[in-house]
>>> print(open('work-v8.pdb').read())   # PDB, C-alpha atoms, pLDDT in the B column
MODEL        1
ATOM      1  CA  MET A 249       0.000   0.000   0.000  1.00 43.00           C
ATOM      2  CA  LEU A 250       2.065   2.866  -1.260  1.00 42.00           C
ATOM      3  CA  GLU A 251      -0.430   5.373   0.141  1.00 49.00           C
ATOM      4  CA  LEU A 252       0.796   4.727   3.669  1.00 52.00           C
ATOM      5  CA  ILE A 253       4.511   5.152   3.109  1.00 58.00           C
ATOM      6  CA  ILE A 254       5.792   7.665   5.604  1.00 65.00           C
ATOM      7  CA  THR A 255       8.623   9.856   4.427  1.00 70.00           C
ATOM      8  CA  CYS A 256      10.491  12.157   6.727  1.00 76.00           C
ATOM      9  CA  ALA A 257      12.316  14.922   4.956  1.00 73.00           C
ATOM     10  CA  ILE A 258      14.795  17.005   6.894  1.00 71.00           C
ATOM     11  CA  PRO A 259      12.982  20.266   7.578  1.00 70.00           C
ATOM     12  CA  TYR A 260      14.071  23.098   5.333  1.00 65.00           C
ATOM     13  CA  PRO A 261      16.407  24.822   5.678  1.00 72.00           C
ATOM     14  CA  PHE A 262      17.702  22.724   8.604  1.00 77.00           C
ATOM     15  CA  LEU A 263      16.828  21.092  11.890  1.00 76.00           C
ATOM     16  CA  THR A 264      16.138  23.460  14.765  1.00 80.00           C
ATOM     17  CA  PRO A 265      15.060  22.854  18.369  1.00 82.00           C
ATOM     18  CA  ASP A 266      11.512  23.759  17.250  1.00 81.00           C
ATOM     19  CA  ASN A 267      11.237  21.038  14.605  1.00 79.00           C
ATOM     20  CA  LEU A 268      13.623  18.382  15.959  1.00 82.00           C
ATOM     21  CA  TYR A 269      10.945  16.585  18.015  1.00 81.00           C
ATOM     22  CA  ASP A 270       8.577  16.290  15.021  1.00 83.00           C
ATOM     23  CA  TYR A 271      11.362  15.022  12.758  1.00 85.00           C
ATOM     24  CA  LYS A 272      12.500  12.438  15.332  1.00 86.00           C
ATOM     25  CA  ASN A 273       8.881  11.386  15.853  1.00 85.00           C
ATOM     26  CA  CYS A 274       8.381  10.939  12.116  1.00 86.00           C
ATOM     27  CA  LEU A 275      11.495   8.766  11.834  1.00 87.00           C
ATOM     28  CA  GLU A 276      10.251   6.563  14.683  1.00 90.00           C
ATOM     29  CA  MET A 277       6.816   6.152  13.053  1.00 89.00           C
ATOM     30  CA  GLU A 278       8.441   5.378   9.699  1.00 90.00           C
ATOM     31  CA  TYR A 279      10.504   2.626  11.327  1.00 91.00           C
ATOM     32  CA  LYS A 280       7.569   1.134  13.264  1.00 94.00           C
ATOM     33  CA  VAL A 281       5.213   1.042  10.269  1.00 92.00           C
ATOM     34  CA  GLY A 282       7.972  -0.427   8.121  1.00 91.00           C
ATOM     35  CA  ALA A 283       8.511  -3.172  10.698  1.00 94.00           C
ATOM     36  CA  VAL A 284       4.888  -4.340  10.326  1.00 96.00           C
ATOM     37  CA  GLU A 285       4.521  -3.682   6.606  1.00 94.00           C
ATOM     38  CA  GLN A 286       3.188  -7.214   6.025  1.00 96.00           C
ATOM     39  CA  HIS A 287      -0.019  -6.096   7.805  1.00 96.00           C
ATOM     40  CA  ILE A 288      -0.543  -2.767   6.035  1.00 95.00           C
ATOM     41  CA  GLU A 289      -2.977  -4.085   3.428  1.00 95.00           C
ATOM     42  CA  LEU A 290      -5.122  -5.844   6.057  1.00 97.00           C
ATOM     43  CA  ILE A 291      -5.250  -2.773   8.296  1.00 96.00           C
ATOM     44  CA  VAL A 292      -5.941  -0.311   5.467  1.00 95.00           C
ATOM     45  CA  ASN A 293      -8.699  -2.569   4.121  1.00 96.00           C
ATOM     46  CA  GLU A 294     -10.383  -2.725   7.542  1.00 97.00           C
ATOM     47  CA  PHE A 295      -9.745   0.770   8.944  1.00 96.00           C
ATOM     48  CA  GLY A 296      -9.270   2.810   5.791  1.00 94.00           C
ATOM     49  CA  ILE A 297      -6.184   4.745   4.808  1.00 91.00           C
ATOM     50  CA  ASP A 298      -6.979   7.709   7.066  1.00 90.00           C
ATOM     51  CA  GLU A 299      -7.341   5.580  10.200  1.00 94.00           C
ATOM     52  CA  ALA A 300      -4.626   2.963   9.614  1.00 94.00           C
ATOM     53  CA  LEU A 301      -1.675   4.554  11.384  1.00 93.00           C
ATOM     54  CA  ILE A 302      -2.723   4.018  15.013  1.00 95.00           C
ATOM     55  CA  PRO A 303      -3.657   0.316  14.567  1.00 97.00           C
ATOM     56  CA  LEU A 304      -0.355  -0.309  12.754  1.00 96.00           C
ATOM     57  CA  LEU A 305       1.593   1.386  15.531  1.00 96.00           C
ATOM     58  CA  ILE A 306      -0.350  -0.608  18.142  1.00 98.00           C
ATOM     59  CA  ILE A 307       0.493  -3.838  16.308  1.00 98.00           C
ATOM     60  CA  TYR A 308       4.165  -2.882  16.293  1.00 97.00           C
ATOM     61  CA  CYS A 309       4.169  -1.922  19.963  1.00 97.00           C
ATOM     62  CA  GLU A 310       2.094  -4.845  21.205  1.00 97.00           C
ATOM     63  CA  SER A 311       3.301  -7.829  19.152  1.00 98.00           C
ATOM     64  CA  SER A 312       6.048  -6.602  16.807  1.00 97.00           C
ATOM     65  CA  GLY A 313       3.748  -7.819  14.043  1.00 97.00           C
ATOM     66  CA  LYS A 314       3.814 -11.455  15.192  1.00 97.00           C
ATOM     67  CA  GLU A 315       0.382 -13.025  14.731  1.00 96.00           C
ATOM     68  CA  ASN A 316       1.118 -15.763  17.284  1.00 97.00           C
ATOM     69  CA  ALA A 317       2.598 -13.488  19.947  1.00 98.00           C
ATOM     70  CA  ILE A 318       1.878 -14.489  23.547  1.00 98.00           C
ATOM     71  CA  ASN A 319       2.656 -12.451  26.641  1.00 97.00           C
ATOM     72  CA  TYR A 320       2.014 -13.588  30.199  1.00 97.00           C
ATOM     73  CA  ASN A 321       0.957 -10.916  32.676  1.00 95.00           C
ATOM     74  CA  THR A 322       1.827 -10.760  36.361  1.00 95.00           C
ATOM     75  CA  ASN A 323      -1.895 -10.979  37.233  1.00 95.00           C
ATOM     76  CA  GLY A 324      -2.116 -14.434  35.645  1.00 96.00           C
ATOM     77  CA  THR A 325      -3.832 -13.363  32.417  1.00 96.00           C
ATOM     78  CA  THR A 326      -2.399 -13.771  28.935  1.00 98.00           C
ATOM     79  CA  ASP A 327      -2.295 -11.392  25.955  1.00 98.00           C
ATOM     80  CA  ARG A 328      -2.464 -12.964  22.491  1.00 98.00           C
ATOM     81  CA  GLY A 329      -2.162 -12.179  18.800  1.00 98.00           C
ATOM     82  CA  LEU A 330      -1.327  -9.079  16.767  1.00 98.00           C
ATOM     83  CA  PHE A 331      -3.278  -6.734  19.004  1.00 98.00           C
ATOM     84  CA  GLN A 332      -2.405  -8.647  22.200  1.00 98.00           C
ATOM     85  CA  PHE A 333      -5.972  -9.139  23.325  1.00 98.00           C
ATOM     86  CA  ASN A 334      -6.127  -9.982  27.002  1.00 97.00           C
ATOM     87  CA  ASP A 335      -7.948 -13.220  27.901  1.00 96.00           C
ATOM     88  CA  LYS A 336     -10.502 -11.290  29.941  1.00 96.00           C
ATOM     89  CA  THR A 337     -11.184  -8.812  27.143  1.00 96.00           C
ATOM     90  CA  TRP A 338     -11.533 -11.597  24.562  1.00 97.00           C
ATOM     91  CA  ALA A 339     -13.891 -13.539  26.866  1.00 97.00           C
ATOM     92  CA  TRP A 340     -16.015 -10.385  27.296  1.00 96.00           C
ATOM     93  CA  LEU A 341     -16.143  -9.769  23.538  1.00 97.00           C
ATOM     94  CA  LYS A 342     -16.764 -13.342  22.330  1.00 97.00           C
ATOM     95  CA  PRO A 343     -20.493 -13.487  23.154  1.00 97.00           C
ATOM     96  CA  LYS A 344     -21.013  -9.779  22.502  1.00 96.00           C
ATOM     97  CA  LEU A 345     -19.631 -10.037  18.925  1.00 97.00           C
ATOM     98  CA  ASN A 346     -20.365 -13.729  18.312  1.00 97.00           C
ATOM     99  CA  ILE A 347     -16.660 -14.499  17.925  1.00 97.00           C
ATOM    100  CA  THR A 348     -15.888 -18.133  17.179  1.00 96.00           C
ATOM    101  CA  SER A 349     -12.181 -17.676  16.472  1.00 96.00           C
ATOM    102  CA  THR A 350      -9.101 -17.085  18.575  1.00 97.00           C
ATOM    103  CA  PRO A 351      -7.181 -13.804  18.852  1.00 98.00           C
ATOM    104  CA  TYR A 352      -4.500 -15.429  16.674  1.00 98.00           C
ATOM    105  CA  ASN A 353      -6.733 -15.094  13.610  1.00 98.00           C
ATOM    106  CA  LYS A 354      -5.416 -11.799  12.266  1.00 98.00           C
ATOM    107  CA  ILE A 355      -8.511 -11.031  10.194  1.00 98.00           C
ATOM    108  CA  VAL A 356     -10.915 -11.594  13.090  1.00 98.00           C
ATOM    109  CA  ALA A 357      -8.584  -9.834  15.538  1.00 98.00           C
ATOM    110  CA  THR A 358      -8.400  -6.802  13.246  1.00 98.00           C
ATOM    111  CA  LYS A 359     -12.187  -6.603  12.979  1.00 98.00           C
ATOM    112  CA  VAL A 360     -12.490  -6.944  16.756  1.00 98.00           C
ATOM    113  CA  ALA A 361      -9.819  -4.273  17.313  1.00 98.00           C
ATOM    114  CA  LYS A 362     -11.698  -1.917  14.999  1.00 98.00           C
ATOM    115  CA  TRP A 363     -14.962  -2.518  16.878  1.00 98.00           C
ATOM    116  CA  LEU A 364     -13.250  -2.082  20.232  1.00 97.00           C
ATOM    117  CA  MET A 365     -11.488   1.137  19.216  1.00 97.00           C
ATOM    118  CA  LYS A 366     -14.714   2.594  17.842  1.00 97.00           C
ATOM    119  CA  ASN A 367     -16.971   1.508  20.706  1.00 97.00           C
ATOM    120  CA  ASP A 368     -14.730   1.440  23.760  1.00 95.00           C
ATOM    121  CA  GLY A 369     -11.693   3.534  22.871  1.00 95.00           C
ATOM    122  CA  LEU A 370      -7.967   2.962  22.910  1.00 96.00           C
ATOM    123  CA  HIS A 371      -7.589   2.401  26.658  1.00 95.00           C
ATOM    124  CA  HIS A 372      -7.231  -1.351  26.103  1.00 94.00           C
ATOM    125  CA  TRP A 373      -3.744  -0.624  24.782  1.00 96.00           C
ATOM    126  CA  ASN A 374      -2.732   1.886  27.471  1.00 95.00           C
ATOM    127  CA  ALA A 375       0.193  -0.261  28.625  1.00 93.00           C
ATOM    128  CA  SER A 376       1.952   0.450  25.321  1.00 95.00           C
ATOM    129  CA  ARG A 377       0.631   4.003  24.818  1.00 95.00           C
ATOM    130  CA  LYS A 378       4.070   5.624  25.108  1.00 93.00           C
ATOM    131  CA  CYS A 379       5.158   3.522  22.147  1.00 93.00           C
ATOM    132  CA  TRP A 380       2.244   4.187  19.766  1.00 93.00           C
ATOM    133  CA  ASP A 381       0.798   7.550  20.791  1.00 89.00           C
ATOM    134  CA  TYR A 382       2.822   9.886  18.578  1.00 75.00           C
ATOM    135  CA  ASP A 383       0.924  12.932  19.894  1.00 71.00           C
ATOM    136  CA  ASN A 384       2.042  12.190  23.443  1.00 62.00           C
ATOM    137  CA  LYS A 385       5.235  14.162  24.068  1.00 51.00           C
ATOM    138  CA  ASN A 386       5.933  12.501  27.430  1.00 45.00           C
TER
ENDMDL
END
>>> encode(input="work-v8.pdb", output="structure tokens")
Amino acid sequence: MLELIITCAIPYPFLTPDNLYDYKNCLEMEYKVGAVEQHIELIVNEFGIDEALIPLLIIYCESSGKENAINYNTNGTTDRGLFQFNDKTWAWLKPKLNITSTPYNKIVATKVAKWLMKNDGLHHWNASRKCWDYDNKN
């Protein structure tokens, strides 16, 4: 999907303290999206080109683009798949959305992530917010 290629040109005429943060931020986003480029078509098809950046950054930050990623939490729960859905969240959503698949199914997980983002917000991915929230200057 060539439409989503991020290019970061050095600000003209040169980098200054005022534009350095934005340039650095752009380079980081370019790297992260490039690292999950195998998922760009899926995400653009589901979210649309204008809304694809945040889900792609979340995928990078949560699973590094690995569909079978598993992370064990200190509270005994497990996060799974591209979007690292927590067991409790997936169990809550299964009957609500009639899900018959696992979070490892990238197509189903992407549709569920879209529904969750639209209907319940981005707070489900707060643990990785500093990684994907490019507007957050903290």
>>> closest_residue(input="work-v8.pdb", among="A:Thr264, A:Thr358, A:Asn321, A:Ser311", to="A:Glu289", atoms="only C-alpha atoms")
A:Thr358
>>> atom_distance(input="work-v8.pdb", atom1="atom CA of A:Val281", atom2="atom CA of A:Phe262")
25.1 Å
>>> closest_residue(input="work-v8.pdb", among="A:Lys359, A:Lys272, A:Lys314, A:Lys378", to="A:Cys256", atoms="all atoms listed in the file")
A:Lys272
>>> atom_distance(input="work-v8.pdb", atom1="atom CA of A:Ile258", atom2="atom CA of A:Gly296")
28.0 Å
>>> closest_residue(input="work-v8.pdb", among="A:Lys342, A:Lys336, A:Lys280, A:His371", to="A:Val356", atoms="all atoms listed in the file")
A:Lys342
>>> resolve_selection(input="work-v8.pdb", expression="the PyMOL selection byres ((chain A and resi 283-285) around 9)", output="VMD selection string")
chain A and resid 249 278 to 282 286 to 289 304 to 305 307 to 308 312 to 314
>>> residues_around(input="work-v8.pdb", residues="stretch 343-351 of chain A", least_positions_apart="6", cutoff="9 Å", atoms="only C-alpha atoms", output="number ranges by chain")
A: 315-316, 327-333, 357, 360
>>> closest_residue(input="work-v8.pdb", among="A:Cys309, A:Thr255, A:Ile297, A:Leu275", to="A:Arg377", atoms="only C-alpha atoms")
A:Cys309
>>> residues_near_point(input="work-v8.pdb", point="(-9.5, 0.8, 16.7)", cutoff="10 Å", atoms="all atoms listed in the file", output="list in words")
Glu294, Phe295, Glu299, Ala300, Ile302, Pro303, Ile306, Thr358, Lys359, Val360, Ala361, Lys362, Trp363, Leu364, Met365, Lys366, Asn367, Asp368, Gly369, Leu370 and His372 of chain A
>>> atom_distance(input="work-v8.pdb", atom1="atom CA of A:Asn273", atom2="atom CA of A:Leu301")
13.3 Å
>>> residues_around(input="work-v8.pdb", residues="A:Pro259", least_positions_apart="5", cutoff="9 Å", atoms="all atoms listed in the file", output="mmCIF file with C-alpha atoms, keeping the file's coordinate frame")
data_model
loop_
_atom_site.group_PDB
_atom_site.id
_atom_site.type_symbol
_atom_site.label_atom_id
_atom_site.label_comp_id
_atom_site.auth_asym_id
_atom_site.auth_seq_id
_atom_site.Cartn_x
_atom_site.Cartn_y
_atom_site.Cartn_z
ATOM 1 C CA THR A 264 16.138 23.460 14.765
ATOM 2 C CA ASN A 267 11.237 21.038 14.605
ATOM 3 C CA LEU A 268 13.623 18.382 15.959
ATOM 4 C CA TYR A 271 11.362 15.022 12.758
#
